[in-house]
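S.K.: Dumping the structure here so I can ask a few things about it.
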Amino acid sequence: MIRRTGIGLLALGLLLSARGARADLLDEAWKRGNDAYLHGDLAGAIAAYEQLDRQNVASRDLYYNLGVAHFRQGSLGRAIWSFERALEIDADDEDARFNLAQARKLAERRVLDKMESAEREPLWIRVVTFFTASTETWIFVGLYLGCFVLLFLRRRAADDSRAALTAGAAILGTGALLAGVLLLGRMNLDRIPFAVVLPDMVAVKEGADTSYHTSFEVHAGLRVRLLDRDQDWVRVRLANGLEGWLRAEDVGRL
């Protein structure tokens, strides 16, 4: 199931920006995590990788390795969260994307009673994320430039060619407009705070305390939107519109 099983053994590229004792500390944690993983010590590997995460080291390889370790330990929620973070850094990482899909499938199989539409993102999110951000940008630039090229050629073309060039420019211009709307939607999406449920199953409360009534339950790997925070609790919203409160420790922010 897990692709790219050979974890990175070189120092994280991001650590090159660190200096002195901190660089040595981070490099030691990276090597310690890799050694622990290779010797089958998943708990030790996770502890070392999470130490790097707490130091705000952002690396695709770090989160990928952390996801693989969590998956092999059976912590599907944390594995999904880690693969999601790897893809936030490199949306073209096919191994992380494949492993994320497989981990989600396994997490869903553990759920006996799933809520309808709880996992299906709203239509606008599915539309703006159909392509990666880089692909959407190149599509917009290509269509935008193509439109102006056709308009430029139209000014120098013979009369019998102008109608076709005008129609082509209109089509490309419309496409550029739609691509621009997708980019604006992507920018808006990036401002929405999302998180992933970490435990296999956890109760969502009506208020920010264990004494409140349980509204419903959510399972590992479910993506939720973060709405509010009250001390150690966060208010979340599911894709189907249901809202409630979870302990902050039970979700991993993306």
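The way I read the labels, and the way they are meant: chains A, B, ... in the order of the structure tokens, residue 1 as the first residue of every chain, and ligand 1 as the first ligand shown, with later ones counted on from there.
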Considering only helix (DSSP H, G or I) as DSSP defines it on the backbone, what residues of stretch 17-236 of chain A qualify? List them as a PyMOL selection string.
M.R.: chain A and resi 17+20-38+42-54+60-73+76-89+94-109+123-128+133-156+159-190
S.K.: Quick one: write out the picked residues with C-alpha atoms as a CSV table (one decimal), in the first residue's frame?
M.R.:
```
chain,number,residue,atom,x,y,z
A,17,SER,CA,18.7,27.7,6.5
A,20,GLY,CA,24.8,26.7,14.7
A,21,ALA,CA,23.5,24.6,17.5
A,22,ARG,CA,19.9,24.7,16.3
A,23,ALA,CA,20.9,23.2,12.9
A,24,ASP,CA,22.8,20.4,14.7
A,25,LEU,CA,19.8,19.7,16.9
A,26,LEU,CA,17.4,19.5,14.0
A,27,ASP,CA,19.8,17.4,11.9
A,28,GLU,CA,20.3,15.0,14.9
A,29,ALA,CA,16.5,14.7,15.3
A,30,TRP,CA,16.1,13.9,11.6
A,31,LYS,CA,18.8,11.2,11.6
A,32,ARG,CA,17.4,9.8,14.9
A,33,GLY,CA,13.9,9.5,13.3
A,34,ASN,CA,15.2,7.8,10.2
A,35,ASP,CA,17.3,5.4,12.2
A,36,ALA,CA,14.4,4.5,14.5
A,37,TYR,CA,12.1,3.9,11.5
A,38,LEU,CA,14.6,1.7,9.7
A,42,LEU,CA,7.9,3.5,15.0
A,43,ALA,CA,7.2,5.3,18.3
A,44,GLY,CA,10.8,6.6,18.3
A,45,ALA,CA,10.6,7.7,14.7
A,46,ILE,CA,7.3,9.6,15.3
A,47,ALA,CA,8.8,11.3,18.4
A,48,ALA,CA,11.8,12.5,16.5
A,49,TYR,CA,9.7,13.7,13.5
A,50,GLU,CA,7.2,15.5,15.7
A,51,GLN,CA,10.1,17.2,17.5
A,52,LEU,CA,11.0,18.7,14.1
A,53,ASP,CA,7.4,19.7,13.5
A,54,ARG,CA,7.3,21.5,16.8
A,60,ARG,CA,7.4,17.4,2.3
A,61,ASP,CA,9.8,14.6,3.3
A,62,LEU,CA,9.3,15.2,7.0
A,63,TYR,CA,5.5,15.0,6.8
A,64,TYR,CA,5.6,12.1,4.3
A,65,ASN,CA,7.9,10.1,6.7
A,66,LEU,CA,5.7,11.0,9.6
A,67,GLY,CA,2.6,9.8,7.7
A,68,VAL,CA,4.2,6.5,6.8
A,69,ALA,CA,5.2,5.9,10.4
A,70,HIS,CA,1.7,6.8,11.7
A,71,PHE,CA,0.1,4.5,9.1
A,72,ARG,CA,2.3,1.6,10.0
A,73,GLN,CA,1.4,2.2,13.7
A,76,LEU,CA,-4.9,6.6,10.4
A,77,GLY,CA,-6.1,10.0,11.5
A,78,ARG,CA,-2.6,11.2,12.1
A,79,ALA,CA,-1.3,9.5,8.9
A,80,ILE,CA,-4.0,11.3,6.9
A,81,TRP,CA,-3.1,14.6,8.6
A,82,SER,CA,0.6,14.2,7.8
A,83,PHE,CA,0.0,13.2,4.1
A,84,GLU,CA,-2.3,16.2,3.8
A,85,ARG,CA,0.5,18.5,5.1
A,86,ALA,CA,3.0,16.9,2.7
A,87,LEU,CA,0.6,17.7,-0.2
A,88,GLU,CA,0.2,21.3,1.0
A,89,ILE,CA,3.9,21.7,0.4
A,94,GLU,CA,1.9,11.4,-6.3
A,95,ASP,CA,3.2,9.0,-3.6
A,96,ALA,CA,1.7,11.2,-0.8
A,97,ARG,CA,-1.5,11.5,-2.8
A,98,PHE,CA,-1.8,7.8,-3.3
A,99,ASN,CA,-1.1,7.0,0.3
A,100,LEU,CA,-3.6,9.6,1.5
A,101,ALA,CA,-6.3,8.0,-0.6
A,102,GLN,CA,-5.5,4.5,0.7
A,103,ALA,CA,-5.4,5.7,4.3
A,104,ARG,CA,-8.8,7.4,3.9
A,105,LYS,CA,-10.3,4.2,2.5
A,106,LEU,CA,-9.1,2.2,5.5
A,107,ALA,CA,-10.4,4.9,7.9
A,108,GLU,CA,-13.8,4.8,6.2
A,109,ARG,CA,-14.0,1.0,6.5
A,123,LEU,CA,-19.2,21.8,-4.7
A,124,TRP,CA,-17.2,25.1,-5.0
A,125,ILE,CA,-14.3,23.5,-3.1
A,126,ARG,CA,-14.3,20.5,-5.4
A,127,VAL,CA,-14.4,22.8,-8.4
A,128,VAL,CA,-11.5,25.1,-7.4
A,133,ALA,CA,-2.8,25.8,-7.9
A,134,SER,CA,0.2,25.8,-10.2
A,135,THR,CA,-1.8,24.2,-13.0
A,136,GLU,CA,-4.6,26.7,-12.6
A,137,THR,CA,-2.1,29.5,-12.8
A,138,TRP,CA,-0.5,28.2,-16.0
A,139,ILE,CA,-4.0,27.7,-17.5
A,140,PHE,CA,-4.9,31.3,-16.7
A,141,VAL,CA,-1.7,32.7,-18.1
A,142,GLY,CA,-1.9,30.6,-21.2
A,143,LEU,CA,-5.4,31.6,-22.0
A,144,TYR,CA,-4.9,35.2,-21.2
A,145,LEU,CA,-1.8,35.5,-23.4
A,146,GLY,CA,-3.5,33.5,-26.1
A,147,CYS,CA,-6.4,35.9,-26.2
A,148,PHE,CA,-4.2,38.9,-26.7
A,149,VAL,CA,-2.1,37.1,-29.3
A,150,LEU,CA,-5.2,36.4,-31.4
A,151,LEU,CA,-6.4,40.0,-31.0
A,152,PHE,CA,-3.0,41.2,-32.1
A,153,LEU,CA,-3.1,38.9,-35.2
A,154,ARG,CA,-6.6,40.0,-35.9
A,155,ARG,CA,-5.4,43.6,-36.5
A,156,ARG,CA,-3.1,42.4,-39.2
A,159,ASP,CA,-10.8,40.5,-43.7
A,160,ASP,CA,-11.9,36.9,-44.2
A,161,SER,CA,-9.8,35.7,-41.3
A,162,ARG,CA,-10.8,38.3,-38.7
A,163,ALA,CA,-14.1,36.6,-37.8
A,164,ALA,CA,-12.4,33.4,-36.9
A,165,LEU,CA,-9.7,35.2,-34.9
A,166,THR,CA,-12.3,37.2,-33.1
A,167,ALA,CA,-14.2,34.1,-32.1
A,168,GLY,CA,-11.0,32.4,-31.0
A,169,ALA,CA,-10.0,35.4,-28.9
A,170,ALA,CA,-13.5,35.5,-27.3
A,171,ILE,CA,-13.3,31.8,-26.4
A,172,LEU,CA,-9.8,32.2,-24.9
A,173,GLY,CA,-10.9,35.3,-23.1
A,174,THR,CA,-13.9,33.5,-21.6
A,175,GLY,CA,-11.6,30.7,-20.6
A,176,ALA,CA,-9.2,33.1,-19.0
A,177,LEU,CA,-12.0,34.7,-17.0
A,178,LEU,CA,-13.2,31.3,-15.7
A,179,ALA,CA,-9.6,30.4,-14.8
A,180,GLY,CA,-9.3,33.7,-13.0
A,181,VAL,CA,-12.4,32.8,-11.0
A,182,LEU,CA,-10.9,29.5,-10.1
A,183,LEU,CA,-7.8,31.2,-8.8
A,184,LEU,CA,-9.8,33.7,-6.8
A,185,GLY,CA,-11.7,30.7,-5.3
A,186,ARG,CA,-8.4,29.0,-4.5
A,187,MET,CA,-7.2,32.2,-2.7
A,188,ASN,CA,-10.4,32.3,-0.7
A,189,LEU,CA,-10.0,28.6,0.2
A,190,ASP,CA,-6.5,29.1,1.4
```
S.K.: Tell me, as a list of chain:residue names, which residues lie within 8 Å of stretch 202-218 of chain A, counting only C-alpha atoms; anything in the same chain fewer than 4 positions away does not count.
M.R.: A:Val197, A:Leu222, A:Asp230, A:Trp233, A:Val234, A:Arg235, A:Gly244, A:Trp245, A:Leu246, A:Arg247, A:Asp250
S.K.: Quick one: write out the picked residues with C-alpha atoms as an mmCIF file, in the first residue's frame?
M.R.:
```cif
data_model
loop_
_atom_site.group_PDB
_atom_site.id
_atom_site.type_symbol
_atom_site.label_atom_id
_atom_site.label_comp_id
_atom_site.auth_asym_id
_atom_site.auth_seq_id
_atom_site.Cartn_x
_atom_site.Cartn_y
_atom_site.Cartn_z
ATOM 1 C CA VAL A 197 -9.833 14.559 12.987
ATOM 2 C CA LEU A 222 -12.483 13.554 8.453
ATOM 3 C CA ASP A 230 -12.590 28.424 23.528
ATOM 4 C CA TRP A 233 -11.813 23.401 22.572
ATOM 5 C CA VAL A 234 -12.522 24.265 18.933
ATOM 6 C CA ARG A 235 -15.854 24.650 17.162
ATOM 7 C CA GLY A 244 -20.100 21.188 17.289
ATOM 8 C CA TRP A 245 -17.144 21.304 19.662
ATOM 9 C CA LEU A 246 -14.050 19.102 19.845
ATOM 10 C CA ARG A 247 -10.987 19.161 22.025
ATOM 11 C CA ASP A 250 -8.294 15.825 18.718
#
```
S.K.: Among stretch 68-210 of chain A, which ones does DSSP assign to strand (DSSP E) (computed from the backbone)? Answer as a PDB file with N, CA and C atoms, in the first residue's frame.
M.R.:
```pdb
ATOM      1  N   PHE A 194      -8.745  24.775   7.997  1.00  0.00           N
ATOM      2  CA  PHE A 194      -9.257  23.415   8.038  1.00  0.00           C
ATOM      3  C   PHE A 194      -8.408  22.574   8.979  1.00  0.00           C
ATOM      4  N   ALA A 195      -8.964  21.458   9.398  1.00  0.00           N
ATOM      5  CA  ALA A 195      -8.240  20.523  10.251  1.00  0.00           C
ATOM      6  C   ALA A 195      -8.712  19.113   9.942  1.00  0.00           C
ATOM      7  N   VAL A 196      -7.974  18.130  10.444  1.00  0.00           N
ATOM      8  CA  VAL A 196      -8.287  16.720  10.252  1.00  0.00           C
ATOM      9  C   VAL A 196      -8.506  16.082  11.615  1.00  0.00           C
ATOM     10  N   VAL A 197      -9.558  15.274  11.736  1.00  0.00           N
ATOM     11  CA  VAL A 197      -9.833  14.559  12.987  1.00  0.00           C
ATOM     12  C   VAL A 197      -8.766  13.490  13.177  1.00  0.00           C
ATOM     13  N   MET A 201     -12.335   7.585  16.609  1.00  0.00           N
ATOM     14  CA  MET A 201     -13.712   8.044  16.794  1.00  0.00           C
ATOM     15  C   MET A 201     -13.748   8.995  17.979  1.00  0.00           C
ATOM     16  N   VAL A 202     -14.448  10.102  17.835  1.00  0.00           N
ATOM     17  CA  VAL A 202     -14.518  11.072  18.914  1.00  0.00           C
ATOM     18  C   VAL A 202     -15.889  11.745  18.898  1.00  0.00           C
ATOM     19  N   ALA A 203     -16.405  12.038  20.077  1.00  0.00           N
ATOM     20  CA  ALA A 203     -17.715  12.671  20.217  1.00  0.00           C
ATOM     21  C   ALA A 203     -17.609  14.183  20.034  1.00  0.00           C
ATOM     22  N   VAL A 204     -18.529  14.732  19.261  1.00  0.00           N
ATOM     23  CA  VAL A 204     -18.627  16.181  19.060  1.00  0.00           C
ATOM     24  C   VAL A 204     -19.692  16.705  20.009  1.00  0.00           C
ATOM     25  N   LYS A 205     -19.315  17.659  20.850  1.00  0.00           N
ATOM     26  CA  LYS A 205     -20.199  18.169  21.902  1.00  0.00           C
ATOM     27  C   LYS A 205     -20.948  19.420  21.448  1.00  0.00           C
TER      28      LYS A 205
END
```
S.K.: List as a list in words the protein and nucleic acid residues near A:Pro193, meaning an atom at most 7 Å away when only C-alpha atoms are counted, but skip any in the same chain fewer than 2 places from it.
M.R.: Arg191, Ala195, Arg225 and Leu226 of chain A
